[in-house]
Structure formats: C-alpha cells, structure tokens
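Heads up: the structure comes next, in structure tokens.
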Amino acid sequence: MTSSNFAYFIPFLFLSSILFALQVNSTSRHVFNNHKGFKVSLKHIDSGGNFTKFERLQRAMERGKSRLQRLSLVANFATLSSKDDSNVKSTIHAGNGEFLMQISIGNPSESYNAIMDTGSDLIWTQCKPCKECFDQSTPIFDPSKSSTFSKISCSNKLCEALPMSSCGDSNCEYMYTYGDYSSSEGYLASETFTFGEVSIPNVAFGCGNENEGSGFSQGAGLVGLGRGPLSLVSQLHMSKFSYCLTSINADADSHSSTLLMGSVAHDDYSNIITTSLVKNPIQPSFYYLSLQGISVGDTQLSIKKSTFALNQDGSGGMIIDSGTTITYLEQSAFSLLKKEFSSQINLPVDDSSSTGLDLCFKLPSDTNNIEVPKLVFHFEGADMDFPADNYMIADSSMGIACLAMGSSSGMSILGNVQQQNMMVIHDLDKETLSFVPTQCDKL
C-alpha cells in the first residue's frame with residue numbers, strides 16, 4: 001500500500017483544451033521542413049468558464065461517455081464489415097474530442113479552432129458555400145479567397161483512402177459520419193495549413209459544405225492524428241509525436257499542456273518505459289496497446305489472458321486515446337478491479353454518489369492521512385505504476401473520493417486522467433509507445 005494525501009478538486013478540467021501554436025524563432029512564416037517539427041500548447045477549454053467543480057465533472061463525464069459510445073460504434077462496425085464478403089470499409093468514425101487546435105488555413109490565412117482527434121484520420125473544416133453548416137465562432141472558410149486552394153481529383157491515392165467517396169465533376173467527394181448522427185460531407189481539397197509561424201503546403205483536407213450534429217460545436221472542424229494515410233501525422237511523414245498533459249493541480253489559466261510533432265518529440269529520457277504498439281488491420285487508425293494484467297496493491301488480479309486481447313475479427317483490445325476522459329476496462333476486468341480496490345481501501349463505499357463514476361467512497365472528517373492501494377497496469381515490456389492522483393479523484397465539499405475508471409463492453413480505453421504528467425511518445429517507425437513521468441507545466 002502507498003500513502004497519498006488527497007488534494008480535493010475535480011481533475012477533469014484539464015481534459016478539454018485549446019491548442020495554440022507556439023511562435024518559432026522567426027519574425028516571418030516559413031515553409032515546413034519535414035526533417036523538423038513543431039510544438040503547440042494546450043489550454044483547457046473550460047478555463048475562464050464560471051463552472052463549479054461538480055459542473056466541470058458533469059461536463060467532462062458527458063463528453064467522455066459520448067466519446068466511448070462513438071469509439072465502440074467504430075469498433076463494432078469495423079468488426080461487422082470484416083465479416084462481410086464485400087469488404088466494405090467502416091463509414092463511422094470517432095469524431096469530436098477533448099482538445100481544440102488553433103490552425104490557419106489558406107493564403108492569405110484565416111484562423112480557426114479545430115478538434116484534435118487521435119481516433120480518426122481526416123482533416124476537415126466547414127467551407128463556403130454552405131448547404132448546411134453548424135454555428136462556429138469564426139467565419140466559415142471561403143476557398144475562393146485563397147490563392148493556394150485546389151480540389152483533389154478522384155484518381156488521387158488519398159481519395160482512394162477515404163472510406164466513403166464518390167466522383168462529382170471529377171472532384172473527390174467524401175462523407176464522414178460519427179455515430180451520433182453528426183456528419184461532414186463535401187469534397188477533398190489541398191491547401192496550406194499554418195501552425196503558429198510554421199506553414200505546411202499541400203495538406204489534403206475535407207472541405208465540408210454539408211455538416212451537422214452537436215459534436216463539433218467547440219470548433220470549426222477536425223484534425224485527425226490517427227494512423228491512416230489521411231491523418232496529419234501520415235501526410236507530414238512524421239513518424240513521431242508526443243503530448244504531455246499538465247497535472248490536475250495546475251491552474252487552467254496559467255499552465256498549459258503540450259503537443260510535440262516530428263523531431264521535437266524526442267525520446268532520450270533516462271526514466272522512459274516503452275511498450276509495443278499493436279496494429280489492428282480491421283481498425284487501422286487506432287493506437288492499440290498490449291495490456292497483459294493489472295495489480296492492486298500486492299495483488300495481481302485474476303483476469304483471463306484473453307480479456308484485453310485483440311481478436312482476429314478486430315474486436316477487443318485496448319487503445320490509448322487523447323479524447324476519452326477516464327479509463328474504461330472490459331466489464332469483467334473492471335468488476336475484479338472494483339472488488340479488490342474496495343477491499344484494500346479503508347473507506348466506506350458511497351452508493352449514493354451522483355458523479356457518474358462507478359466506485360466512490362465516503363471521506364472521513366480528517367483527510368490528511370488517507371491510504372490508497374497502488375495501481376499498476378502491466379503492459380507488454382512496461383509496468384505503468386500510476387501516481388494516486390492519476391486514478392483517484394476527490395472533492396472535500398462533496399465528501400467523496402472516486403476511482404477514475406469505468407467499465408466497457410469489448411474494447412478497453414486508456415483515458416486522459418491516467419496520462420496526466422506523462423510525456424506520451426508515439427514512435428511509428430519503431431511501433432512503440434513510451435511514457436516518461438514529466439512535470440508537464442514546466443515544458
């Protein structure tokens with residue numbers, strides 16, 4: 001057992017963020033060199049909002065549940081498609097997310113906030129003329145005003161990579177649906193994208209002129225960072241990227257998290273732990289991990305070896321996701337975790353909690369010396385020993401402490417709460433994912 005003094009706050013606030021590109025050492029914009037990289041910072045989307053701690057919790061949990069439902073639909077549809085002799089590609093995508101990325105599009109450039117999504121590939125924004133567009137805080141992108149805009153033909157290999165496309169006047173037309181009746185429909189185009197002072201020409205993106213749904217109200221579109229050919233990572237031929245999410249203790253208005261793309265996402269750390277990324281040919285966009293077991297305190301749970309395995313039909317497995325709030329474990333594994341955790345912590349269970357979390361405890365009046373069981377995820381080649389703040393949340397005014405995890409059916413997800421104050425490094429050349437304990441607000 002390890003001792004931990006709780007800081008009584010709701011940690012979900014850090015999960016929704018706005019990305020702002022940092023200024024490079026130049027007074028004028030320069031064209032991106034694919035041997036270099038760039039750095040962008042994250043600010044909480046709820047920073048500056050007049051929310052109570054409980055309201056922030058509710059907002060984050062609602063976003064997390066919606067995300068889980070979407071990801072489950074994506075995985076289930078892909079599994080069904082794999083059994084279909086017609087080899088139909090999945091037309092449902094994760095969509096939305098917890099971070100907004102400030103980008104500029106075109107020449108002259110216009111600035112927009114777009115949702116960053118590691119669970120999908122396509123980059124898209126709303127475009128004029130709009131047949132149907134949702135409200136956004138910035139003007140809708142007008143391709144006719146940009147000198148660097150061009151449409152992509154149906155013969156382009158990126159058009160072939162779309163899960164659902166058609167040809168109209170030789171233009172590559174797309175439709176993306178996101179599992180909750182949200183969708184984007186338009187045509188594939190090429191344009192210059194700018195991140196701060198770094199301009200990147202010829203980025204393929206969806207120019208959406210028929211978009212609907214509630215999942216995109218935070219931004220003007222989406223930037224996919226998945227593993228497929230349409231994602232920003234793949235188009236820029238960047239084999240490495242990383243992010244570092246600040247502590248839940250950090251002031252949302254004065255501390256920021258960080259996203260590193262390309263060569264600036266280095267991995268020369270002495271305290272690094274590394275596990276293998278697993279490819280799922282049925283659902284190639286997700287970042288799968290090999291979770292082999294879980295320990296609570298000194299007890300390794302008797303979880304069946306097959307529980308977190310990626311099945312031949314593409315079902316099951318565990319993904320790491322930047323857009324999901326808490327970790328979700330396959331139901332049988334979560335039941336074992338919940339039972340063992342309850343038996344090791346010397347606090348009464350609170351069954352009346354309205355937090356939306358599955359396991360909460362009543363706090364005593366003296367909260368200075370509360371012991372919580374150690375929690376370790378055993379990945380292939382790497383034991384992730386989580387700090388207590390990465391899996392226990394508490395609120396003194398509510399008098400409760402909760403385990404920041406839940407149950408899922410089929411696929412498991414490693415969420416943002418468990419990733420805080422970790423540099424999370426994706427290396428697609430080595431097919432690895434690494435974790436480095438990091439004071440993220442000091443980067």
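Chain labels A, B, ... are given in the sequence in which chains occur in the structure tokens; within each chain residues are numbered consecutively from 1, and ligands are likewise numbered from 1 in the order shown.
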For Cys360 in chain A, list every protein, DNA or RNA residue within 7 Å, evaluated using only C-alpha atoms, and leave out those in the same chain fewer than 5 positions away; present the list as a CSV table (one decimal) with N, CA, C and O atoms, in the first residue's frame.
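The resulting file, result-v2.csv, is shown below:
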chain,number,residue,atom,x,y,z
A,349,VAL,N,-17.9,2.5,1.1
A,349,VAL,CA,-18.4,2.8,-0.3
A,349,VAL,C,-19.6,3.8,-0.2
A,349,VAL,O,-20.5,3.6,0.7
A,350,ASP,N,-19.6,4.7,-1.1
A,350,ASP,CA,-20.7,5.7,-1.2
A,350,ASP,C,-21.5,5.3,-2.5
A,350,ASP,O,-21.2,5.6,-3.6
A,353,SER,N,-23.6,8.4,-4.7
A,353,SER,CA,-22.8,9.4,-5.5
A,353,SER,C,-23.5,9.7,-6.8
A,353,SER,O,-23.9,8.8,-7.5
A,400,ILE,N,-16.5,13.0,-0.9
A,400,ILE,CA,-16.3,11.7,-1.6
A,400,ILE,C,-14.9,11.7,-2.3
A,400,ILE,O,-14.3,12.7,-2.7
A,401,ALA,N,-14.4,10.5,-2.5
A,401,ALA,CA,-13.3,10.2,-3.4
A,401,ALA,C,-13.7,9.0,-4.3
A,401,ALA,O,-14.3,8.1,-3.9
A,402,CYS,N,-13.3,9.1,-5.6
A,402,CYS,CA,-13.8,8.2,-6.6
A,402,CYS,C,-12.6,7.6,-7.4
A,402,CYS,O,-11.6,8.3,-7.6
A,403,LEU,N,-12.8,6.4,-7.8
A,403,LEU,CA,-11.9,5.8,-8.8
A,403,LEU,C,-12.2,6.3,-10.2
A,403,LEU,O,-13.4,6.1,-10.6
Within 7 Å of Pro348 in chain A, counting only C-alpha atoms, which residues show up once you throw out same-chain ones fewer than 2 positions away? Write them as a ChimeraX atom specification, please. /A:346,350,361-362
Selection near Glu110 in chain A, 9 Å with only C-alpha atoms, sequence-local residues under 6 positions removed, as a ChimeraX atom specification: /A:103-104,139,141
Output all heavy atoms for every residue in the selection just made, as an mmCIF file, in the first residue's frame.
data_model
loop_
_atom_site.group_PDB
_atom_site.id
_atom_site.type_symbol
_atom_site.label_atom_id
_atom_site.label_comp_id
_atom_site.auth_asym_id
_atom_site.auth_seq_id
_atom_site.Cartn_x
_atom_site.Cartn_y
_atom_site.Cartn_z
ATOM 1 N N ILE A 103 -5.532 26.558 -35.808
ATOM 2 C CA ILE A 103 -4.822 26.450 -37.079
ATOM 3 C C ILE A 103 -5.202 27.632 -37.963
ATOM 4 O O ILE A 103 -6.192 28.331 -37.710
ATOM 5 C CB ILE A 103 -5.180 25.142 -37.812
ATOM 6 C CG1 ILE A 103 -6.685 25.077 -38.086
ATOM 7 C CG2 ILE A 103 -4.717 23.931 -37.020
ATOM 8 C CD1 ILE A 103 -7.111 23.861 -38.889
ATOM 9 N N SER A 104 -4.391 27.878 -38.990
ATOM 10 C CA SER A 104 -4.727 28.858 -40.020
ATOM 11 C C SER A 104 -4.730 28.141 -41.353
ATOM 12 O O SER A 104 -3.900 27.268 -41.608
ATOM 13 C CB SER A 104 -3.723 30.018 -40.036
ATOM 14 O OG SER A 104 -3.776 30.743 -38.829
ATOM 15 N N PRO A 139 -15.470 33.040 -38.936
ATOM 16 C CA PRO A 139 -16.093 32.954 -40.257
ATOM 17 C C PRO A 139 -15.780 31.623 -40.927
ATOM 18 O O PRO A 139 -14.694 31.062 -40.744
ATOM 19 C CB PRO A 139 -15.443 34.119 -41.021
ATOM 20 C CG PRO A 139 -14.983 35.070 -39.970
ATOM 21 C CD PRO A 139 -14.595 34.224 -38.805
ATOM 22 N N PHE A 141 -14.609 29.087 -43.713
ATOM 23 C CA PHE A 141 -13.549 29.186 -44.708
ATOM 24 C C PHE A 141 -14.126 29.355 -46.117
ATOM 25 O O PHE A 141 -15.021 28.619 -46.524
ATOM 26 C CB PHE A 141 -12.667 27.938 -44.657
ATOM 27 C CG PHE A 141 -11.574 27.910 -45.688
ATOM 28 C CD1 PHE A 141 -10.573 28.876 -45.697
ATOM 29 C CD2 PHE A 141 -11.551 26.908 -46.658
ATOM 30 C CE1 PHE A 141 -9.563 28.852 -46.643
ATOM 31 C CE2 PHE A 141 -10.541 26.866 -47.606
ATOM 32 C CZ PHE A 141 -9.545 27.846 -47.603
#
Mind the document's chain letters and residue numbers, and return as a ChimeraX atom specification the residues of range 90-273 of chain A that DSSP labels strand (DSSP E or B). /A:92,99-105,110-117,124-127,132,141,150-151,153,165-168,171-177,183-195,198-212,221-224,240-244,257-261,273
Tell me which protein, DNA and RNA residues are within 8 Å of Glu210 in chain A, counting only C-alpha atoms, leaving out same-chain ones fewer than 2 positions away, and put them as an mmCIF file with N, CA and C atoms, in the first residue's frame.
data_model
loop_
_atom_site.group_PDB
_atom_site.id
_atom_site.type_symbol
_atom_site.label_atom_id
_atom_site.label_comp_id
_atom_site.auth_asym_id
_atom_site.auth_seq_id
_atom_site.Cartn_x
_atom_site.Cartn_y
_atom_site.Cartn_z
ATOM 1 N N GLN A 126 -15.383 23.428 -42.181
ATOM 2 C CA GLN A 126 -16.563 23.886 -42.910
ATOM 3 C C GLN A 126 -16.139 24.870 -44.006
ATOM 4 N N CYS A 130 -22.116 27.030 -48.080
ATOM 5 C CA CYS A 130 -22.681 26.028 -47.175
ATOM 6 C C CYS A 130 -24.101 25.650 -47.590
ATOM 7 N N LYS A 131 -24.317 24.344 -47.743
ATOM 8 C CA LYS A 131 -25.692 23.861 -47.872
ATOM 9 C C LYS A 131 -26.313 23.762 -46.491
ATOM 10 N N GLU A 132 -25.515 23.233 -45.546
ATOM 11 C CA GLU A 132 -25.939 23.145 -44.152
ATOM 12 C C GLU A 132 -24.683 23.135 -43.287
ATOM 13 N N CYS A 133 -24.545 24.134 -42.429
ATOM 14 C CA CYS A 133 -23.377 24.229 -41.562
ATOM 15 C C CYS A 133 -23.812 24.564 -40.140
ATOM 16 N N SER A 184 -20.022 15.050 -41.671
ATOM 17 C CA SER A 184 -19.459 16.072 -42.551
ATOM 18 C C SER A 184 -19.444 15.520 -43.969
ATOM 19 N N GLU A 185 -19.900 16.332 -44.899
ATOM 20 C CA GLU A 185 -19.963 15.921 -46.297
ATOM 21 C C GLU A 185 -19.459 17.064 -47.168
ATOM 22 N N GLY A 186 -18.624 16.740 -48.145
ATOM 23 C CA GLY A 186 -18.073 17.772 -49.029
ATOM 24 C C GLY A 186 -17.119 17.148 -50.026
ATOM 25 N N GLY A 208 -15.906 20.787 -46.118
ATOM 26 C CA GLY A 208 -17.263 20.348 -45.829
ATOM 27 C C GLY A 208 -18.296 21.444 -46.021
ATOM 28 N N GLU A 212 -23.435 18.596 -39.969
ATOM 29 C CA GLU A 212 -24.470 18.696 -38.946
ATOM 30 C C GLU A 212 -24.109 17.850 -37.736
#
Spatial neighbours of range 164-169 of chain A, max dist 7 Å, only C-alpha atoms, sep filter under 4 positions, as a ChimeraX atom specification: /A:91,154,173-175
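If you count only C-alpha atoms and ignore residues fewer than 5 places along the chain from Leu359 in chain A, what sits within 12 Å of it is Phe334, Ser335, Leu337, Lys338, Lys339, Glu340, Phe341, Ser342, Ile345, Leu347, Pro348, Val349, Asp350, Asp351, Ser352, Ser353, Ser354, Tyr391, Met392, Ile393, Ala394, Ile400, Ala401, Cys402, Leu403, Ala404, Met405, Gly406 and Ser407 of chain A.
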Would you output that residue set with N, CA, C and O atoms, as a short mmCIF file (atom, residue, chain, number, x, y, z; two decimals), in the first residue's frame?
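Generated file (result.cif):
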data_model
loop_
_atom_site.label_atom_id
_atom_site.label_comp_id
_atom_site.auth_asym_id
_atom_site.auth_seq_id
_atom_site.Cartn_x
_atom_site.Cartn_y
_atom_site.Cartn_z
N PHE A 334 -13.04 -4.88 -15.03
CA PHE A 334 -13.38 -3.77 -14.13
C PHE A 334 -14.07 -4.27 -12.86
O PHE A 334 -13.83 -3.74 -11.77
N SER A 335 -14.89 -5.30 -12.99
CA SER A 335 -15.56 -5.87 -11.80
C SER A 335 -14.54 -6.40 -10.81
O SER A 335 -14.67 -6.20 -9.59
N LEU A 337 -11.37 -5.41 -10.58
CA LEU A 337 -10.65 -4.25 -10.07
C LEU A 337 -11.46 -3.54 -8.99
O LEU A 337 -10.95 -3.18 -7.92
N LYS A 338 -12.73 -3.35 -9.25
CA LYS A 338 -13.61 -2.67 -8.31
C LYS A 338 -13.70 -3.42 -6.98
O LYS A 338 -13.61 -2.82 -5.90
N LYS A 339 -13.82 -4.75 -7.07
CA LYS A 339 -13.93 -5.57 -5.86
C LYS A 339 -12.64 -5.52 -5.04
O LYS A 339 -12.67 -5.33 -3.81
N GLU A 340 -11.50 -5.67 -5.70
CA GLU A 340 -10.22 -5.70 -5.00
C GLU A 340 -9.89 -4.33 -4.42
O GLU A 340 -9.38 -4.21 -3.29
N PHE A 341 -10.17 -3.29 -5.18
CA PHE A 341 -9.88 -1.93 -4.71
C PHE A 341 -10.71 -1.61 -3.46
O PHE A 341 -10.20 -1.04 -2.49
N SER A 342 -11.98 -2.00 -3.49
CA SER A 342 -12.86 -1.74 -2.34
C SER A 342 -12.37 -2.48 -1.11
O SER A 342 -12.50 -1.97 0.02
N ILE A 345 -9.01 -0.53 0.34
CA ILE A 345 -9.07 0.85 0.84
C ILE A 345 -9.96 0.89 2.09
O ILE A 345 -11.04 0.30 2.12
N LEU A 347 -12.11 2.74 3.49
CA LEU A 347 -13.15 3.76 3.43
C LEU A 347 -14.48 3.11 3.05
O LEU A 347 -14.51 2.16 2.26
N PRO A 348 -15.60 3.60 3.60
CA PRO A 348 -16.91 3.03 3.23
C PRO A 348 -17.30 3.45 1.81
O PRO A 348 -17.05 4.58 1.38
N VAL A 349 -17.92 2.52 1.09
CA VAL A 349 -18.39 2.81 -0.27
C VAL A 349 -19.58 3.76 -0.21
O VAL A 349 -20.45 3.64 0.66
N ASP A 350 -19.61 4.71 -1.14
CA ASP A 350 -20.73 5.65 -1.25
C ASP A 350 -21.55 5.28 -2.48
O ASP A 350 -21.18 5.60 -3.60
N ASP A 351 -22.66 4.61 -2.26
CA ASP A 351 -23.52 4.17 -3.37
C ASP A 351 -24.46 5.27 -3.86
O ASP A 351 -25.14 5.10 -4.87
N SER A 352 -24.50 6.39 -3.14
CA SER A 352 -25.45 7.44 -3.50
C SER A 352 -24.81 8.54 -4.35
O SER A 352 -25.44 9.55 -4.65
N SER A 353 -23.55 8.37 -4.72
CA SER A 353 -22.84 9.41 -5.45
C SER A 353 -23.49 9.69 -6.80
O SER A 353 -23.91 8.78 -7.52
N SER A 354 -23.56 10.97 -7.16
CA SER A 354 -24.13 11.38 -8.45
C SER A 354 -23.04 11.88 -9.40
O SER A 354 -23.32 12.65 -10.31
N TYR A 391 -5.49 8.17 -10.68
CA TYR A 391 -6.64 7.26 -10.69
C TYR A 391 -7.64 7.51 -9.57
O TYR A 391 -8.72 6.95 -9.57
N MET A 392 -7.30 8.36 -8.58
CA MET A 392 -8.25 8.73 -7.54
C MET A 392 -8.55 10.22 -7.62
O MET A 392 -7.63 11.05 -7.73
N ILE A 393 -9.82 10.58 -7.58
CA ILE A 393 -10.22 11.98 -7.55
C ILE A 393 -11.09 12.19 -6.31
O ILE A 393 -11.74 11.26 -5.84
N ALA A 394 -11.03 13.38 -5.79
CA ALA A 394 -11.78 13.63 -4.55
C ALA A 394 -12.26 15.07 -4.50
O ALA A 394 -11.72 15.95 -5.16
N ILE A 400 -16.45 13.01 -0.92
CA ILE A 400 -16.26 11.73 -1.60
C ILE A 400 -14.91 11.67 -2.30
O ILE A 400 -14.32 12.70 -2.65
N ALA A 401 -14.43 10.45 -2.52
CA ALA A 401 -13.28 10.17 -3.37
C ALA A 401 -13.67 9.03 -4.30
O ALA A 401 -14.33 8.08 -3.87
N CYS A 402 -13.30 9.14 -5.58
CA CYS A 402 -13.77 8.18 -6.57
C CYS A 402 -12.62 7.62 -7.40
O CYS A 402 -11.61 8.30 -7.64
N LEU A 403 -12.79 6.39 -7.84
CA LEU A 403 -11.87 5.76 -8.78
C LEU A 403 -12.22 6.26 -10.18
O LEU A 403 -13.35 6.13 -10.64
N ALA A 404 -11.23 6.85 -10.86
CA ALA A 404 -11.47 7.47 -12.17
C ALA A 404 -11.39 6.44 -13.29
O ALA A 404 -10.57 6.54 -14.21
N MET A 405 -12.24 5.43 -13.19
CA MET A 405 -12.31 4.38 -14.20
C MET A 405 -13.75 3.88 -14.30
O MET A 405 -14.54 4.09 -13.39
N GLY A 406 -14.04 3.22 -15.40
CA GLY A 406 -15.36 2.67 -15.60
C GLY A 406 -15.29 1.40 -16.42
O GLY A 406 -14.20 0.93 -16.78
N SER A 407 -16.44 0.84 -16.74
CA SER A 407 -16.49 -0.43 -17.49
C SER A 407 -16.96 -0.19 -18.92
O SER A 407 -17.67 0.77 -19.21
#
Can you pull out the residues contacting Val223 in chain A? Cut-off 10 Å, using only C-alpha atoms, and skip same-chain residues under 3 positions away; I want them as an mmCIF file with C-alpha atoms, in the first residue's frame.
data_model
loop_
_atom_site.group_PDB
_atom_site.id
_atom_site.type_symbol
_atom_site.label_atom_id
_atom_site.label_comp_id
_atom_site.auth_asym_id
_atom_site.auth_seq_id
_atom_site.Cartn_x
_atom_site.Cartn_y
_atom_site.Cartn_z
ATOM 1 C CA GLY A 95 -15.106 12.267 -34.149
ATOM 2 C CA ASN A 96 -15.163 15.017 -31.529
ATOM 3 C CA LEU A 100 -9.190 22.242 -29.900
ATOM 4 C CA MET A 101 -6.285 23.043 -32.175
ATOM 5 C CA ILE A 103 -4.822 26.450 -37.079
ATOM 6 C CA ASN A 113 -10.186 26.245 -33.880
ATOM 7 C CA ALA A 114 -10.418 22.595 -34.923
ATOM 8 C CA ILE A 115 -10.950 19.499 -32.791
ATOM 9 C CA MET A 116 -7.828 17.348 -32.416
ATOM 10 C CA ASP A 117 -8.684 13.645 -32.647
ATOM 11 C CA THR A 118 -6.204 10.781 -32.286
ATOM 12 C CA SER A 120 -9.657 9.369 -36.664
ATOM 13 C CA ASP A 121 -7.740 10.458 -39.753
ATOM 14 C CA LEU A 122 -9.499 13.012 -41.934
ATOM 15 C CA ILE A 123 -8.702 16.718 -41.568
ATOM 16 C CA TRP A 124 -11.725 18.862 -42.425
ATOM 17 C CA THR A 125 -13.310 22.243 -41.917
ATOM 18 C CA PHE A 205 -8.384 18.082 -46.178
ATOM 19 C CA GLY A 226 -4.743 8.647 -36.332
ATOM 20 C CA LEU A 230 -5.314 10.886 -44.456
ATOM 21 C CA SER A 231 -4.145 11.983 -40.994
ATOM 22 C CA LEU A 232 -1.858 14.946 -40.351
ATOM 23 C CA VAL A 233 0.780 12.582 -38.925
#
